[in-house]
>>> print(open('start-v2.cif').read())   # mmCIF, C-alpha atoms
data_data
loop_
_atom_site.group_PDB
_atom_site.id
_atom_site.type_symbol
_atom_site.label_atom_id
_atom_site.label_comp_id
_atom_site.auth_asym_id
_atom_site.auth_seq_id
_atom_site.Cartn_x
_atom_site.Cartn_y
_atom_site.Cartn_z
ATOM 1 C CA MET A 1 105.905 61.792 105.061
ATOM 2 C CA ILE A 2 107.200 65.336 105.307
ATOM 3 C CA SER A 3 110.299 65.992 103.264
ATOM 4 C CA HIS A 4 112.753 68.622 104.418
ATOM 5 C CA ASP A 5 114.627 68.534 101.120
ATOM 6 C CA PRO A 6 114.177 71.976 99.466
ATOM 7 C CA ASN A 7 114.048 70.413 95.985
ATOM 8 C CA LYS A 8 111.277 68.013 97.004
ATOM 9 C CA ILE A 9 109.339 70.833 98.651
ATOM 10 C CA GLU A 10 109.651 72.939 95.473
ATOM 11 C CA GLU A 11 108.461 69.985 93.372
ATOM 12 C CA GLN A 12 105.480 69.526 95.686
ATOM 13 C CA LYS A 13 104.697 73.240 95.504
ATOM 14 C CA GLN A 14 104.882 73.240 91.700
ATOM 15 C CA ALA A 15 102.643 70.163 91.512
ATOM 16 C CA ALA A 16 100.153 71.849 93.846
ATOM 17 C CA ILE A 17 100.247 75.042 91.746
ATOM 18 C CA ASP A 18 99.617 73.049 88.548
ATOM 19 C CA LEU A 19 96.713 71.236 90.202
ATOM 20 C CA LEU A 20 95.233 74.531 91.418
ATOM 21 C CA LYS A 21 95.552 76.045 87.930
ATOM 22 C CA ARG A 22 93.746 73.067 86.341
ATOM 23 C CA GLU A 23 91.041 73.273 88.982
ATOM 24 C CA LEU A 24 90.736 77.021 88.356
ATOM 25 C CA GLU A 25 90.273 76.478 84.610
ATOM 26 C CA ASP A 26 87.615 73.798 85.264
ATOM 27 C CA LEU A 27 85.773 76.134 87.604
ATOM 28 C CA LYS A 28 85.894 78.952 85.047
ATOM 29 C CA LEU A 29 84.399 76.634 82.403
ATOM 30 C CA ASP A 30 81.691 75.552 84.861
ATOM 31 C CA LEU A 31 81.005 79.202 85.637
ATOM 32 C CA SER A 32 80.660 79.973 81.926
ATOM 33 C CA ASP A 33 78.188 77.084 81.515
ATOM 34 C CA LEU A 34 76.195 78.254 84.526
ATOM 35 C CA GLN A 35 76.123 81.788 83.137
ATOM 36 C CA ASP A 36 74.781 80.432 79.813
ATOM 37 C CA ASN A 37 72.115 78.412 81.674
ATOM 38 C CA LYS A 38 71.136 81.518 83.621
ATOM 39 C CA ASP A 39 70.825 83.528 80.405
ATOM 40 C CA ASP A 40 68.663 80.776 78.839
ATOM 41 C CA ILE A 41 66.366 80.683 81.875
ATOM 42 C CA GLU A 42 66.050 84.473 81.848
ATOM 43 C CA ALA A 43 65.071 84.310 78.145
ATOM 44 C CA ILE A 44 62.415 81.664 78.923
ATOM 45 C CA ILE A 45 61.033 83.828 81.740
ATOM 46 C CA GLU A 46 60.847 86.840 79.411
ATOM 47 C CA ASP A 47 59.023 84.744 76.759
ATOM 48 C CA ILE A 48 56.475 83.528 79.305
ATOM 49 C CA GLU A 49 55.924 87.066 80.609
ATOM 50 C CA ASP A 50 55.484 88.356 77.028
ATOM 51 C CA GLN A 51 52.942 85.608 76.257
ATOM 52 C CA ILE A 52 51.046 86.402 79.458
ATOM 53 C CA ASP A 53 50.945 90.069 78.460
ATOM 54 C CA ALA A 54 49.737 89.162 74.937
ATOM 55 C CA ARG A 55 47.089 86.549 75.884
ATOM 56 C CA GLY A 56 45.885 88.001 79.144
ATOM 57 C CA GLU A 57 45.509 86.582 82.617
ATOM 58 C CA ASP A 58 42.565 84.237 82.282
ATOM 59 C CA GLY A 59 41.904 80.576 81.767
ATOM 60 C CA GLU A 60 43.763 77.335 82.151
ATOM 61 C CA TRP A 61 46.617 78.529 79.948
ATOM 62 C CA PHE A 62 47.416 81.330 82.411
ATOM 63 C CA GLU A 63 47.645 78.871 85.313
ATOM 64 C CA ARG A 64 50.109 76.686 83.383
ATOM 65 C CA ALA A 65 52.118 79.740 82.372
ATOM 66 C CA SER A 66 52.198 80.978 85.989
ATOM 67 C CA ARG A 67 53.458 77.604 87.213
ATOM 68 C CA ALA A 68 56.103 77.535 84.470
ATOM 69 C CA LEU A 69 57.106 81.088 85.350
ATOM 70 C CA SER A 70 57.427 80.196 89.042
ATOM 71 C CA ALA A 71 59.438 77.043 88.269
ATOM 72 C CA ASN A 72 61.792 78.954 85.980
ATOM 73 C CA ARG A 73 62.296 81.664 88.591
ATOM 74 C CA ASN A 74 63.242 78.962 91.109
ATOM 75 C CA LEU A 75 65.679 77.500 88.572
ATOM 76 C CA LEU A 76 67.109 80.966 88.015
ATOM 77 C CA ARG A 77 67.618 81.414 91.769
ATOM 78 C CA GLN A 78 69.377 78.036 91.964
ATOM 79 C CA GLU A 79 71.628 78.914 89.026
ATOM 80 C CA ARG A 80 72.533 82.227 90.667
ATOM 81 C CA ASP A 81 73.423 80.393 93.894
ATOM 82 C CA LYS A 82 75.615 77.968 91.927
ATOM 83 C CA ILE A 83 77.299 80.907 90.178
ATOM 84 C CA ILE A 84 78.033 82.568 93.522
ATOM 85 C CA LYS A 85 79.532 79.328 94.877
ATOM 86 C CA LYS A 86 81.701 78.904 91.771
ATOM 87 C CA ARG A 87 82.904 82.514 91.995
ATOM 88 C CA ASN A 88 83.792 82.033 95.665
ATOM 89 C CA ALA A 89 85.679 78.838 94.809
ATOM 90 C CA ILE A 90 87.531 80.677 92.028
ATOM 91 C CA ARG A 91 88.477 83.484 94.429
ATOM 92 C CA ALA A 92 89.725 80.955 96.991
ATOM 93 C CA ILE A 93 91.925 79.241 94.409
ATOM 94 C CA GLU A 94 93.238 82.567 93.100
ATOM 95 C CA ARG A 95 94.074 83.546 96.690
ATOM 96 C CA GLN A 96 95.921 80.246 97.171
ATOM 97 C CA LEU A 97 97.840 80.823 93.955
ATOM 98 C CA PHE A 98 98.734 84.356 95.085
ATOM 99 C CA GLU A 99 99.845 83.261 98.562
ATOM 100 C CA GLY A 100 101.418 80.072 97.307
ATOM 101 C CA PRO A 101 100.118 76.564 97.841
ATOM 102 C CA LYS A 102 100.134 75.064 101.294
ATOM 103 C CA ILE A 103 102.426 72.074 101.395
ATOM 104 C CA LYS A 104 102.520 70.044 104.570
ATOM 105 C CA GLY A 105 105.584 71.218 106.449
ATOM 106 C CA SER A 106 105.768 74.594 104.703
ATOM 107 C CA ILE A 107 103.872 77.876 104.854
ATOM 108 C CA PRO A 108 102.785 80.287 102.095
ATOM 109 C CA ALA A 109 105.325 82.953 101.163
ATOM 110 C CA ALA A 110 103.078 85.905 102.096
ATOM 111 C CA HIS A 111 102.375 84.377 105.496
ATOM 112 C CA HIS A 112 106.086 83.644 105.934
ATOM 113 C CA GLU A 113 106.965 87.289 105.185
ATOM 114 C CA ARG A 114 104.388 88.460 107.732
ATOM 115 C CA ILE A 115 105.803 86.089 110.356
ATOM 116 C CA VAL A 116 109.368 87.242 109.633
ATOM 117 C CA SER A 117 108.428 90.931 109.852
ATOM 118 C CA GLN A 118 106.582 90.334 113.139
ATOM 119 C CA ARG A 119 109.574 88.416 114.471
ATOM 120 C CA ASP A 120 111.936 91.201 113.397
ATOM 121 C CA ALA A 121 109.723 93.760 115.140
ATOM 122 C CA ARG A 122 109.744 91.674 118.329
ATOM 123 C CA VAL A 123 113.535 91.296 118.131
ATOM 124 C CA ALA A 124 113.960 95.060 117.654
ATOM 125 C CA SER A 125 111.661 95.682 120.608
ATOM 126 C CA LEU A 126 113.628 93.248 122.771
ATOM 127 C CA VAL A 127 116.940 94.814 121.707
ATOM 128 C CA GLY A 128 115.558 98.214 122.726
ATOM 129 C CA LYS A 129 114.409 96.851 126.081
ATOM 130 C CA ILE A 130 117.773 95.191 126.672
ATOM 131 C CA SER A 131 119.516 98.469 125.880
ATOM 132 C CA ILE A 132 117.324 100.303 128.386
ATOM 133 C CA LEU A 133 117.945 97.616 131.018
ATOM 134 C CA ASN A 134 121.703 97.856 130.422
ATOM 135 C CA GLN A 135 121.544 101.629 130.888
ATOM 136 C CA GLN A 136 119.563 101.213 134.103
ATOM 137 C CA ARG A 137 122.001 98.571 135.335
ATOM 138 C CA LYS A 138 124.899 100.959 134.681
ATOM 139 C CA ILE A 139 123.101 103.698 136.606
ATOM 140 C CA TYR A 140 122.440 101.357 139.546
ATOM 141 C CA ARG A 141 126.031 100.105 139.466
ATOM 142 C CA ASP A 142 127.253 103.723 139.525
ATOM 143 C CA CYS A 143 124.911 104.413 142.416
ATOM 144 C CA VAL A 144 126.208 101.427 144.331
ATOM 145 C CA SER A 145 129.868 101.997 143.530
ATOM 146 C CA VAL A 146 130.019 105.804 143.787
ATOM 147 C CA TYR A 147 127.042 107.276 145.585
ATOM 148 C CA LEU A 148 126.396 104.555 148.163
ATOM 149 C CA PRO A 149 129.912 104.600 149.660
ATOM 150 C CA THR A 150 129.749 108.397 149.775
ATOM 151 C CA PHE A 151 126.342 108.209 151.404
ATOM 152 C CA VAL A 152 127.563 105.592 153.924
ATOM 153 C CA ALA A 153 130.624 107.718 154.680
ATOM 154 C CA ASP A 154 128.361 110.730 155.235
ATOM 155 C CA LEU A 155 126.220 108.630 157.570
ATOM 156 C CA ASP A 156 129.331 107.492 159.479
ATOM 157 C CA VAL A 157 130.483 111.103 159.853
ATOM 158 C CA ARG A 158 127.019 112.163 160.994
ATOM 159 C CA ALA A 159 126.817 109.243 163.457
ATOM 160 C CA GLN A 160 130.247 110.163 164.856
ATOM 161 C CA GLU A 161 129.119 113.779 165.224
ATOM 162 C CA LEU A 162 126.000 112.628 167.071
ATOM 163 C CA GLU A 163 128.073 110.355 169.344
ATOM 164 C CA ASP A 164 130.442 113.221 170.105
ATOM 165 C CA ALA A 165 127.540 115.575 170.694
ATOM 166 C CA ALA A 166 125.781 113.191 173.096
ATOM 167 C CA PRO A 167 128.363 113.457 175.958
ATOM 168 C CA ARG A 168 128.427 117.248 175.542
ATOM 169 C CA ALA A 169 124.666 117.390 175.712
ATOM 170 C CA GLU A 170 124.733 115.299 178.908
ATOM 171 C CA LYS A 171 127.332 117.610 180.446
ATOM 172 C CA GLU A 172 125.303 120.671 179.540
ATOM 173 C CA GLU A 173 122.187 119.207 181.105
ATOM 174 C CA ALA A 174 124.003 118.378 184.258
#
>>> encode(input="start-v2.cif", output="structure tokens")
Amino acid sequence: MISHDPNKIEEQKQAAIDLLKRELEDLKLDLSDLQDNKDDIEAIIEDIEDQIDARGEDGEWFERASRALSANRNLLRQERDKIIKKRNAIRAIERQLFEGPKIKGSIPAAHHERIVSQRDARVASLVGKISILNQQRKIYRDCVSVYLPTFVADLDVRAQELEDAAPRAEKEEA
């Protein structure tokens, strides 16, 4: 169940951090062991190659040495793959420790800061847009309250002039 109590959330975060740290230490020990295994396999490969160089490439011995060399190279490749996986796991845990553990119902601090800054940018943008809209509304209100009545009055005067001019124009034509 998700707890909204800040103390409980902090306790959960601390427990998650402790667990991640223990897991990180275990992975580092595993990585050290894998590195030692890799070094041992490389030493075996070098010994086999040295013996091949010393004895030559003929006979049944060479075939056994070649098979052993091939098998050890495959083991070396597998150890390297394991090392890469352990390093990736270590990086993932270090990233989680840096960002903060993910507790159900909460978000990592770095992600929270990014969300807050994006929200603040959106709010600032909206405030700017609202300010522009308020300015435009004021301009339109001024147009309606000042310029439109003047324009309508000018139209009324012009219409009256045209009405007065129409009977004169009819008289002049007649």
>>> resolve_selection(input="start-v2.cif", expression="the PyMOL selection byres ((chain A and resi 73) around 12)", output="number ranges by chain")
A: 38-46, 48-49, 66-72, 74-80
>>> atom_distance(input="start-v2.cif", atom1="atom CA of Gln135 of chain A", atom2="atom CA of Ala153 of chain A")
26.2 Å
>>> atom_distance(input="start-v2.cif", atom1="atom CA of Gln12 of chain A", atom2="atom CA of Arg91 of chain A")
22.0 Å
>>> closest_residue(input="start-v2.cif", among="A:Arg22, A:Arg64, A:Ala15, A:Lys171", to="Ile93 of chain A", atoms="only C-alpha atoms")
A:Arg22
>>> atom_distance(input="start-v2.cif", atom1="atom CA of Asp26 of chain A", atom2="atom CA of Arg87 of chain A")
12.0 Å
>>> build_atoms(input="start-v2.cif", residues="segment 133-166 of chain A", atoms="N, CA and C atoms", output="tab-separated table (two decimals), keeping the file's coordinate frame")
chain	number	residue	atom	x	y	z
A	133	LEU	N	117.57	98.33	129.79
A	133	LEU	CA	117.94	97.62	131.02
A	133	LEU	C	119.44	97.74	131.29
A	134	ASN	N	120.26	97.69	130.24
A	134	ASN	CA	121.70	97.86	130.42
A	134	ASN	C	122.03	99.26	130.93
A	135	GLN	N	121.33	100.26	130.41
A	135	GLN	CA	121.54	101.63	130.89
A	135	GLN	C	121.15	101.75	132.36
A	136	GLN	N	120.00	101.16	132.71
A	136	GLN	CA	119.56	101.21	134.10
A	136	GLN	C	120.54	100.47	135.00
A	137	ARG	N	121.03	99.33	134.54
A	137	ARG	CA	122.00	98.57	135.34
A	137	ARG	C	123.27	99.39	135.57
A	138	LYS	N	123.71	100.11	134.55
A	138	LYS	CA	124.90	100.96	134.68
A	138	LYS	C	124.64	102.06	135.71
A	139	ILE	N	123.44	102.65	135.64
A	139	ILE	CA	123.10	103.70	136.61
A	139	ILE	C	123.10	103.12	138.02
A	140	TYR	N	122.48	101.97	138.22
A	140	TYR	CA	122.44	101.36	139.55
A	140	TYR	C	123.84	100.99	140.02
A	141	ARG	N	124.66	100.46	139.11
A	141	ARG	CA	126.03	100.10	139.47
A	141	ARG	C	126.80	101.36	139.89
A	142	ASP	N	126.61	102.46	139.14
A	142	ASP	CA	127.25	103.72	139.52
A	142	ASP	C	126.77	104.17	140.89
A	143	CYS	N	125.46	104.02	141.11
A	143	CYS	CA	124.91	104.41	142.42
A	143	CYS	C	125.55	103.60	143.53
A	144	VAL	N	125.65	102.30	143.30
A	144	VAL	CA	126.21	101.43	144.33
A	144	VAL	C	127.69	101.69	144.52
A	145	SER	N	128.41	101.87	143.41
A	145	SER	CA	129.87	102.00	143.53
A	145	SER	C	130.32	103.41	143.90
A	146	VAL	N	129.58	104.43	143.53
A	146	VAL	CA	130.02	105.80	143.79
A	146	VAL	C	129.18	106.46	144.88
A	147	TYR	N	127.89	106.51	144.68
A	147	TYR	CA	127.04	107.28	145.58
A	147	TYR	C	126.82	106.58	146.92
A	148	LEU	N	126.66	105.27	146.92
A	148	LEU	CA	126.40	104.56	148.16
A	148	LEU	C	127.56	104.66	149.14
A	149	PRO	N	128.81	104.44	148.70
A	149	PRO	CA	129.91	104.60	149.66
A	149	PRO	C	129.99	106.03	150.20
A	150	THR	N	129.74	107.00	149.32
A	150	THR	CA	129.75	108.40	149.78
A	150	THR	C	128.64	108.62	150.79
A	151	PHE	N	127.47	108.07	150.50
A	151	PHE	CA	126.34	108.21	151.40
A	151	PHE	C	126.63	107.53	152.74
A	152	VAL	N	127.22	106.32	152.69
A	152	VAL	CA	127.56	105.59	153.92
A	152	VAL	C	128.62	106.37	154.71
A	153	ALA	N	129.59	106.92	154.00
A	153	ALA	CA	130.62	107.72	154.68
A	153	ALA	C	129.99	108.93	155.34
A	154	ASP	N	129.06	109.58	154.64
A	154	ASP	CA	128.36	110.73	155.24
A	154	ASP	C	127.58	110.31	156.47
A	155	LEU	N	126.96	109.12	156.41
A	155	LEU	CA	126.22	108.63	157.57
A	155	LEU	C	127.17	108.34	158.73
A	156	ASP	N	128.34	107.76	158.43
A	156	ASP	CA	129.33	107.49	159.48
A	156	ASP	C	129.79	108.79	160.14
A	157	VAL	N	130.06	109.80	159.31
A	157	VAL	CA	130.48	111.10	159.85
A	157	VAL	C	129.37	111.68	160.71
A	158	ARG	N	128.16	111.62	160.24
A	158	ARG	CA	127.02	112.16	160.99
A	158	ARG	C	126.82	111.38	162.29
A	159	ALA	N	126.96	110.05	162.25
A	159	ALA	CA	126.82	109.24	163.46
A	159	ALA	C	127.91	109.59	164.45
A	160	GLN	N	129.14	109.78	163.97
A	160	GLN	CA	130.25	110.16	164.86
A	160	GLN	C	129.97	111.52	165.49
A	161	GLU	N	129.45	112.45	164.69
A	161	GLU	CA	129.12	113.78	165.22
A	161	GLU	C	128.06	113.66	166.31
A	162	LEU	N	127.05	112.80	166.07
A	162	LEU	CA	126.00	112.63	167.07
A	162	LEU	C	126.55	111.96	168.34
A	163	GLU	N	127.47	110.99	168.18
A	163	GLU	CA	128.07	110.36	169.34
A	163	GLU	C	128.91	111.36	170.14
A	164	ASP	N	129.63	112.20	169.43
A	164	ASP	CA	130.44	113.22	170.10
A	164	ASP	C	129.55	114.26	170.78
A	165	ALA	N	128.43	114.55	170.15
A	165	ALA	CA	127.54	115.58	170.69
A	165	ALA	C	126.76	115.04	171.89
A	166	ALA	N	126.56	113.75	172.00
A	166	ALA	CA	125.78	113.19	173.10
A	166	ALA	C	126.45	113.43	174.44
